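Undergrad: Got run_22.tsv for you, TSV, C-alpha atoms:
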```tsv
chain	number	residue	atom	x	y	z
Y	2	MET	CA	46.97	-53.98	-21.45
Y	3	GLU	CA	48.07	-52.68	-18.08
Y	4	ARG	CA	48.50	-55.37	-15.50
Y	5	PHE	CA	46.76	-53.33	-12.80
Y	6	GLU	CA	44.33	-50.49	-13.28
Y	7	THR	CA	45.73	-47.60	-11.25
Y	8	GLY	CA	43.39	-44.65	-11.84
Y	9	SER	CA	40.93	-45.76	-9.17
Y	10	LEU	CA	43.44	-46.80	-6.49
Y	11	ALA	CA	42.84	-43.59	-4.53
Y	12	LEU	CA	39.20	-44.63	-4.04
Y	13	MET	CA	38.47	-46.81	-1.03
Y	14	PRO	CA	35.50	-47.82	1.12
Y	15	GLY	CA	34.54	-45.25	3.74
Y	16	GLN	CA	35.80	-42.29	1.69
Y	17	LYS	CA	33.41	-39.39	1.06
Y	18	VAL	CA	33.15	-38.20	-2.53
Y	19	GLN	CA	31.10	-35.84	-4.67
Y	20	ALA	CA	29.02	-37.54	-7.35
Y	21	ARG	CA	27.06	-36.21	-10.30
Y	22	VAL	CA	23.81	-38.04	-11.10
Y	23	LEU	CA	23.80	-39.18	-14.75
Y	24	SER	CA	20.64	-41.28	-15.02
Y	25	HIS	CA	17.80	-42.96	-13.17
Y	26	HIS	CA	17.00	-46.68	-13.38
Y	27	PRO	CA	14.28	-48.75	-11.66
Y	28	TRP	CA	16.80	-49.96	-9.02
Y	29	GLY	CA	18.76	-46.72	-8.48
Y	30	VAL	CA	21.02	-44.19	-10.16
Y	31	ILE	CA	24.17	-44.14	-12.26
Y	32	VAL	CA	26.62	-41.45	-11.20
Y	33	GLU	CA	30.09	-40.22	-12.01
Y	34	ILE	CA	32.52	-39.47	-9.22
Y	35	VAL	CA	33.74	-35.89	-9.51
Y	36	GLY	CA	37.45	-35.89	-10.29
Y	37	TYR	CA	37.35	-39.43	-11.69
Y	38	GLU	CA	35.36	-38.78	-14.85
Y	39	ASN	CA	38.14	-40.00	-17.16
Y	40	VAL	CA	39.35	-42.98	-15.13
Y	41	GLY	CA	37.08	-45.52	-16.81
Y	42	LEU	CA	34.98	-46.66	-13.88
Y	43	SER	CA	31.28	-47.16	-13.35
Y	44	ALA	CA	29.58	-45.87	-10.21
Y	45	SER	CA	26.07	-46.38	-8.91
Y	46	ILE	CA	23.76	-46.00	-5.94
Y	47	ASP	CA	21.37	-48.90	-5.32
Y	48	MET	CA	18.38	-46.95	-4.03
Y	49	ILE	CA	16.24	-50.06	-3.50
Y	50	GLN	CA	18.90	-51.72	-1.33
Y	51	GLN	CA	19.43	-48.52	0.67
Y	52	PHE	CA	15.90	-47.21	1.14
Y	53	SER	CA	13.22	-49.83	0.35
Y	54	GLN	CA	12.91	-50.88	4.00
Y	55	ALA	CA	12.33	-47.26	5.07
Y	56	THR	CA	9.70	-46.41	2.45
Y	57	SER	CA	6.09	-47.53	2.12
Y	58	GLY	CA	6.09	-48.01	-1.65
Y	59	TYR	CA	7.87	-47.47	-4.94
Y	60	GLU	CA	6.50	-43.92	-5.40
Y	61	GLU	CA	7.91	-42.88	-2.03
Y	62	LEU	CA	11.22	-44.53	-2.97
Y	63	LEU	CA	11.31	-42.68	-6.33
Y	64	ALA	CA	10.90	-39.38	-4.48
Y	65	LEU	CA	14.26	-40.07	-2.77
Y	66	PHE	CA	16.15	-40.38	-6.09
Y	67	PRO	CA	18.45	-37.35	-6.49
Y	68	PRO	CA	17.64	-35.35	-9.66
Y	69	VAL	CA	19.58	-36.11	-12.85
Y	70	GLY	CA	22.37	-33.54	-13.20
Y	71	SER	CA	22.60	-32.81	-9.47
Y	72	GLN	CA	25.84	-33.11	-7.54
Y	73	ILE	CA	25.54	-34.97	-4.25
Y	74	GLU	CA	27.73	-36.08	-1.36
Y	75	ALA	CA	28.16	-39.84	-1.10
Y	76	VAL	CA	30.39	-42.36	0.64
Y	77	ILE	CA	32.13	-45.25	-1.09
Y	78	GLU	CA	30.63	-48.52	0.08
Y	79	GLN	CA	32.50	-50.96	-2.19
Y	80	VAL	CA	35.09	-50.87	-4.97
Y	81	HIS	CA	35.26	-53.90	-7.27
Y	82	ARG	CA	38.41	-54.21	-9.35
Y	83	TRP	CA	37.95	-57.86	-10.41
Y	84	HIS	CA	37.81	-56.94	-14.09
Y	85	PRO	CA	37.42	-53.75	-16.14
Y	86	PRO	CA	35.72	-51.44	-15.73
Y	87	VAL	CA	36.18	-50.81	-12.03
Y	88	SER	CA	32.77	-50.74	-10.34
Y	89	VAL	CA	32.08	-48.45	-7.38
Y	90	ARG	CA	29.00	-48.75	-5.18
Y	91	LEU	CA	28.11	-45.58	-3.28
Y	92	SER	CA	25.79	-44.87	-0.37
Y	93	ILE	CA	23.83	-41.71	0.35
Y	94	ARG	CA	22.18	-42.98	3.55
Y	95	PRO	CA	22.56	-40.24	6.18
Y	96	ALA	CA	23.91	-42.76	8.74
Y	97	ASP	CA	26.55	-43.99	6.25
Y	98	LEU	CA	27.62	-40.42	5.50
Y	99	GLU	CA	28.25	-39.99	9.23
Y	100	ALA	CA	30.08	-43.29	9.76
Y	101	LEU	CA	30.05	-46.16	7.27
Y	102	THR	CA	30.13	-49.57	8.94
Y	103	TRP	CA	30.80	-52.95	7.34
Y	104	SER	CA	31.54	-56.49	8.49
Y	105	CYS	CA	35.15	-57.51	9.11
Y	106	ASP	CA	36.06	-60.22	6.59
Y	107	PHE	CA	37.96	-62.13	9.31
Y	108	CYS	CA	35.69	-62.08	12.38
Y	109	GLY	CA	32.37	-60.90	10.93
Y	110	GLU	CA	31.89	-58.17	13.55
Y	111	GLN	CA	30.93	-54.64	12.51
Y	112	ILE	CA	33.74	-52.20	11.79
Y	113	THR	CA	33.79	-48.48	11.02
Y	114	LEU	CA	35.34	-47.65	7.65
Y	115	SER	CA	35.01	-43.88	7.93
Y	116	PRO	CA	38.00	-41.79	9.00
Y	117	GLY	CA	38.71	-42.39	12.68
Y	118	GLY	CA	37.40	-45.96	12.50
Y	119	ASP	CA	39.43	-49.08	13.12
Y	120	ALA	CA	39.18	-50.57	9.63
Y	121	LEU	CA	41.95	-51.55	7.27
Y	122	VAL	CA	41.26	-52.02	3.57
Y	123	LEU	CA	43.58	-54.64	2.08
Y	124	ASP	CA	43.90	-54.88	-1.70
Y	125	SER	CA	45.02	-58.32	-2.78
Y	126	ARG	CA	46.52	-58.89	-6.22
Y	127	SER	CA	47.89	-61.85	-8.10
Y	128	ASN	CA	51.20	-62.13	-9.90
Y	129	ASP	CA	49.33	-63.97	-12.65
Y	130	GLY	CA	47.33	-61.09	-14.08
Y	131	PRO	CA	45.06	-58.10	-13.68
Y	132	GLY	CA	42.36	-57.51	-11.11
Y	133	SER	CA	42.33	-57.17	-7.37
Y	134	HIS	CA	40.04	-57.80	-4.43
Y	135	SER	CA	39.54	-55.72	-1.29
Y	136	VAL	CA	39.38	-57.30	2.14
Y	137	ILE	CA	38.01	-55.27	5.07
Y	138	SER	CA	39.60	-56.00	8.45
Y	139	HIS	CA	39.91	-54.80	12.02
Y	140	ARG	CA	43.52	-53.89	12.78
Y	141	HIS	CA	43.71	-56.51	15.49
Y	142	CYS	CA	42.17	-59.21	13.24
Y	143	LEU	CA	44.92	-58.68	10.68
Y	144	ALA	CA	47.66	-58.43	13.31
Y	145	GLU	CA	46.52	-61.68	14.95
Y	146	ARG	CA	46.84	-63.51	11.64
Y	147	ILE	CA	50.44	-62.46	11.06
Y	148	ARG	CA	52.94	-64.98	12.43
Y	149	PRO	CA	54.03	-64.11	15.99
Y	150	GLN	CA	57.68	-64.34	14.85
Y	151	ASN	CA	57.00	-61.38	12.53
Y	152	ALA	CA	56.49	-58.87	15.35
Y	153	GLY	CA	57.44	-55.89	13.18
Y	154	GLU	CA	54.68	-56.55	10.65
Y	155	ARG	CA	52.18	-57.19	13.44
Y	156	ALA	CA	53.09	-53.83	15.00
Y	157	ARG	CA	52.82	-52.05	11.65
Y	158	ALA	CA	49.33	-53.52	11.10
Y	159	MET	CA	48.26	-51.85	14.34
Y	160	LYS	CA	49.67	-48.47	13.28
Y	161	ILE	CA	48.78	-48.14	9.58
Y	162	GLY	CA	47.25	-44.70	9.02
Y	163	LYS	CA	47.50	-43.60	12.64
Y	164	MET	CA	49.35	-40.46	13.60
Y	165	CYS	CA	52.57	-41.12	15.50
```
The structure given in the file should be rewritten as structure tokens.

TA:
Amino acid sequence: MERFETGSLALMPGQKVQARVLSHHPWGVIVEIVGYENVGLSASIDMIQQFSQATSGYEELLALFPPVGSQIEAVIEQVHRWHPPVSVRLSIRPADLEALTWSCDFCGEQITLSPGGDALVLDSRSNDGPGSHSVISHRHCLAERIRPQNAGERARAMKIGKMC
């Protein structure tokens, strides 16, 4: 058994992907992420969570389900790597496709995960075994939690992913 699953590491919250709808369920749809069909992950879109507040009933909600077999654009909302298989939650809300926001795990304020946003996605792993957990953070929230004596790491936290 591999200590860490690596096939899904390129997937992270805020990233846009293409997904193929495999099946409908009362709560939403099961999809496969195009290009990751053989990675061994499960992916879904929780249609009730995303659209039940904006629809007047279940029939109206069902009309929003993308057809089985269709390929759609989606944005990664969450990636869970706690245990196999990796589980990916996607969003197809128009607002999320424009700019996915989430709460910072340090301060609780909203943060933009989409490209150009101020979010960092930290994958934490243990030396004791498989699995990992993602933490979403503002750059400044992470930098503030690094010891002041470690100025180099604080500076790098503020620059990760930014063009020089």

Undergrad: Excluding Gly36 (chain Y) and its own-chain neighbours fewer than 2 positions away, which residues fall within 12 Å of it when counting only C-alpha atoms? Please give them as a PyMOL selection string.

TA: chain Y and resi 8-9+11-12+18-21+33-34+38-42

Undergrad: Using all atoms listed in the file, I'd like a table of the residues in region 3-25 of chain Y that come within 9 Å of region 112-121 of chain Y; for each, show the closest atom pair and its distance in Å rounded to one decimal, ordered by chain and ascending number, as JSON lines.

TA:
```
{"residue": "Y:Pro14", "atom": "CA", "partner": "Y:Leu114", "partner_atom": "CA", "distance": 6.5}
{"residue": "Y:Gly15", "atom": "CA", "partner": "Y:Ser115", "partner_atom": "CA", "distance": 4.4}
{"residue": "Y:Gln16", "atom": "CA", "partner": "Y:Ser115", "partner_atom": "CA", "distance": 6.5}
{"residue": "Y:Lys17", "atom": "CA", "partner": "Y:Ser115", "partner_atom": "CA", "distance": 8.4}
```

Undergrad: Go ahead and find all residues with at least one atom no further than 12 Å from (26.6, -44.4, 4.7) in the file's coordinates, using all atoms listed in the file; report them as an mmCIF file with C-alpha atoms, in the coordinates of the input.

TA:
```cif
data_model
loop_
_atom_site.group_PDB
_atom_site.id
_atom_site.type_symbol
_atom_site.label_atom_id
_atom_site.label_comp_id
_atom_site.auth_asym_id
_atom_site.auth_seq_id
_atom_site.Cartn_x
_atom_site.Cartn_y
_atom_site.Cartn_z
ATOM 1 C CA PRO Y 14 35.500 -47.820 1.120
ATOM 2 C CA GLY Y 15 34.540 -45.250 3.740
ATOM 3 C CA GLN Y 16 35.800 -42.290 1.690
ATOM 4 C CA LYS Y 17 33.410 -39.390 1.060
ATOM 5 C CA VAL Y 18 33.150 -38.200 -2.530
ATOM 6 C CA ILE Y 46 23.760 -46.000 -5.940
ATOM 7 C CA GLN Y 51 19.430 -48.520 0.670
ATOM 8 C CA PHE Y 52 15.900 -47.210 1.140
ATOM 9 C CA GLU Y 74 27.730 -36.080 -1.360
ATOM 10 C CA ALA Y 75 28.160 -39.840 -1.100
ATOM 11 C CA VAL Y 76 30.390 -42.360 0.640
ATOM 12 C CA ILE Y 77 32.130 -45.250 -1.090
ATOM 13 C CA GLU Y 78 30.630 -48.520 0.080
ATOM 14 C CA GLN Y 79 32.500 -50.960 -2.190
ATOM 15 C CA ARG Y 90 29.000 -48.750 -5.180
ATOM 16 C CA LEU Y 91 28.110 -45.580 -3.280
ATOM 17 C CA SER Y 92 25.790 -44.870 -0.370
ATOM 18 C CA ILE Y 93 23.830 -41.710 0.350
ATOM 19 C CA ARG Y 94 22.180 -42.980 3.550
ATOM 20 C CA PRO Y 95 22.560 -40.240 6.180
ATOM 21 C CA ALA Y 96 23.910 -42.760 8.740
ATOM 22 C CA ASP Y 97 26.550 -43.990 6.250
ATOM 23 C CA LEU Y 98 27.620 -40.420 5.500
ATOM 24 C CA GLU Y 99 28.250 -39.990 9.230
ATOM 25 C CA ALA Y 100 30.080 -43.290 9.760
ATOM 26 C CA LEU Y 101 30.050 -46.160 7.270
ATOM 27 C CA THR Y 102 30.130 -49.570 8.940
ATOM 28 C CA TRP Y 103 30.800 -52.950 7.340
ATOM 29 C CA THR Y 113 33.790 -48.480 11.020
ATOM 30 C CA LEU Y 114 35.340 -47.650 7.650
ATOM 31 C CA SER Y 115 35.010 -43.880 7.930
#
```

Undergrad: For a test of reading the model, state the distance in Å between CA of Ser57 (chain Y) and CA of His26 (chain Y), rounded to one decimal.

TA: 19.0 Å

Undergrad: Which is closest to His81 (chain Y) among Y:Arg146, Y:Ser127, Y:His139, Y:Met13, if we use only C-alpha atoms?

TA: Y:Met13

Undergrad: Val22 (chain Y): which residues within 6 Å, counting only C-alpha atoms, same-chain residues fewer than 3 positions away excluded, as a ChimeraX atom specification?

TA: /Y:32,69-71

Undergrad: Counting all atoms listed in the file, figure out which residue out of Y:Ser53, Y:His25, Y:Ser138, Y:Val87 gets nearest to Gln111 (chain Y).

TA: Y:Ser138

Undergrad: Write out as AutoDock Vina command-line options an axis-aligned box for region 18-36 of chain Y: all of its atoms listed in the file, 4 Å added on each side, centre and edge lengths in Å with one decimal.

TA:
```
--center_x 25.9 --center_y -42.9 --center_z -8.8 --size_x 31.2 --size_y 22.1 --size_z 20.5
```

Undergrad: Kindly give the distance, in Å, that separates CA of Val35 (chain Y) and CA of Gly130 (chain Y), rounded to a single decimal.

TA: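 Distance between the two atoms: 29.0 Å.
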
Undergrad: Using all atoms listed in the file for the distances, tell me which of Y:Gly153, Y:Trp28, Y:Arg148, Y:Asp124 is nearest to Arg82 (chain Y).

TA: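 Going through Y:Gly153, Y:Trp28, Y:Arg148, Y:Asp124 one by one, the smallest distance to Arg82 (chain Y) is for Y:Asp124.
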
Undergrad: What does the distance from CA of His141 (chain Y) to CA of Met159 (chain Y) come to in Å, to one decimal?

TA: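 Rounded to one decimal, the two atoms are 6.6 Å apart.
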
Undergrad: Which neighbours of Pro27 (chain Y) fall inside 12 Å, counting all atoms listed in the file, when residues of the same chain fewer than 5 positions from it are skipped, and could you give them as an MDAnalysis selection string?

TA: chainID Y and resid 46:50 59:60 62:63 66

Undergrad: Give me the residues within 12 Å of Arg157 (chain Y) as JSON, numbers by chain, counting all atoms listed in the file and dropping any in the same chain fewer than 6 places off.

TA: {"Y": [121, 140, 141, 143, 144, 145, 147, 151, 163, 165]}

Undergrad: Please complete region 149-160 of chain Y with all heavy atoms and give it back as a CSV table (one decimal), in the frame of the given file.

TA:
```csv
chain,number,residue,atom,x,y,z
Y,149,PRO,N,53.5,-64.8,14.8
Y,149,PRO,CA,54.0,-64.1,16.0
Y,149,PRO,C,55.5,-63.8,15.8
Y,149,PRO,O,56.0,-62.8,16.4
Y,149,PRO,CB,53.8,-65.1,17.1
Y,149,PRO,CG,52.7,-66.0,16.7
Y,149,PRO,CD,52.8,-66.0,15.2
Y,150,GLN,N,56.3,-64.6,15.1
Y,150,GLN,CA,57.7,-64.3,14.8
Y,150,GLN,C,57.9,-63.1,14.0
Y,150,GLN,O,59.0,-62.5,14.0
Y,150,GLN,CB,58.3,-65.5,14.1
Y,150,GLN,CG,58.3,-66.8,14.9
Y,150,GLN,CD,57.0,-67.6,14.6
Y,150,GLN,OE1,56.0,-67.0,14.2
Y,150,GLN,NE2,57.0,-68.9,14.8
Y,151,ASN,N,56.9,-62.6,13.4
Y,151,ASN,CA,57.0,-61.4,12.5
Y,151,ASN,C,56.4,-60.2,13.3
Y,151,ASN,O,55.5,-59.5,12.8
Y,151,ASN,CB,56.3,-61.6,11.2
Y,151,ASN,CG,56.8,-60.7,10.1
Y,151,ASN,OD1,57.4,-59.7,10.4
Y,151,ASN,ND2,56.4,-61.0,8.9
Y,152,ALA,N,57.0,-59.9,14.5
Y,152,ALA,CA,56.5,-58.9,15.4
Y,152,ALA,C,56.5,-57.5,14.7
Y,152,ALA,O,55.6,-56.7,15.0
Y,152,ALA,CB,57.3,-58.8,16.6
Y,153,GLY,N,57.4,-57.2,13.8
Y,153,GLY,CA,57.4,-55.9,13.2
Y,153,GLY,C,56.2,-55.7,12.3
Y,153,GLY,O,55.6,-54.6,12.3
Y,154,GLU,N,55.9,-56.7,11.5
Y,154,GLU,CA,54.7,-56.6,10.6
Y,154,GLU,C,53.4,-56.5,11.5
Y,154,GLU,O,52.5,-55.8,11.1
Y,154,GLU,CB,54.6,-57.7,9.6
Y,154,GLU,CG,55.7,-57.6,8.6
Y,154,GLU,CD,55.7,-56.3,7.8
Y,154,GLU,OE1,54.6,-55.8,7.5
Y,154,GLU,OE2,56.8,-55.8,7.5
Y,155,ARG,N,53.4,-57.2,12.6
Y,155,ARG,CA,52.2,-57.2,13.4
Y,155,ARG,C,52.0,-55.8,14.0
Y,155,ARG,O,50.9,-55.2,14.1
Y,155,ARG,CB,52.3,-58.2,14.6
Y,155,ARG,CG,52.2,-59.6,14.1
Y,155,ARG,CD,52.3,-60.6,15.2
Y,155,ARG,NE,51.0,-60.7,15.9
Y,155,ARG,CZ,50.6,-61.9,16.4
Y,155,ARG,NH1,51.3,-62.9,16.4
Y,155,ARG,NH2,49.4,-61.9,17.0
Y,156,ALA,N,53.1,-55.2,14.5
Y,156,ALA,CA,53.1,-53.8,15.0
Y,156,ALA,C,52.7,-52.8,13.9
Y,156,ALA,O,51.9,-51.9,14.2
Y,156,ALA,CB,54.4,-53.5,15.6
Y,157,ARG,N,53.2,-53.0,12.7
Y,157,ARG,CA,52.8,-52.0,11.6
Y,157,ARG,C,51.3,-52.2,11.3
Y,157,ARG,O,50.7,-51.1,11.0
Y,157,ARG,CB,53.7,-52.3,10.4
Y,157,ARG,CG,55.1,-51.7,10.5
Y,157,ARG,CD,55.9,-51.8,9.2
Y,157,ARG,NE,56.6,-53.0,9.1
Y,157,ARG,CZ,57.7,-53.3,9.8
Y,157,ARG,NH1,58.2,-52.4,10.7
Y,157,ARG,NH2,58.4,-54.4,9.7
Y,158,ALA,N,50.8,-53.3,11.4
Y,158,ALA,CA,49.3,-53.5,11.1
Y,158,ALA,C,48.5,-52.7,12.1
Y,158,ALA,O,47.4,-52.2,11.8
Y,158,ALA,CB,49.0,-55.0,11.2
Y,159,MET,N,49.0,-52.6,13.3
Y,159,MET,CA,48.3,-51.8,14.3
Y,159,MET,C,48.4,-50.3,14.2
Y,159,MET,O,47.7,-49.6,14.8
Y,159,MET,CB,48.7,-52.3,15.7
Y,159,MET,CG,48.4,-53.7,16.0
Y,159,MET,SD,46.6,-54.1,16.0
Y,159,MET,CE,46.0,-53.2,17.3
Y,160,LYS,N,49.4,-49.9,13.4
Y,160,LYS,CA,49.7,-48.5,13.3
Y,160,LYS,C,49.4,-47.9,11.9
Y,160,LYS,O,49.4,-46.6,11.8
Y,160,LYS,CB,51.1,-48.2,13.6
Y,160,LYS,CG,51.5,-48.5,15.1
Y,160,LYS,CD,52.6,-47.7,15.5
Y,160,LYS,CE,53.0,-48.1,17.0
Y,160,LYS,NZ,52.1,-47.5,17.9
```
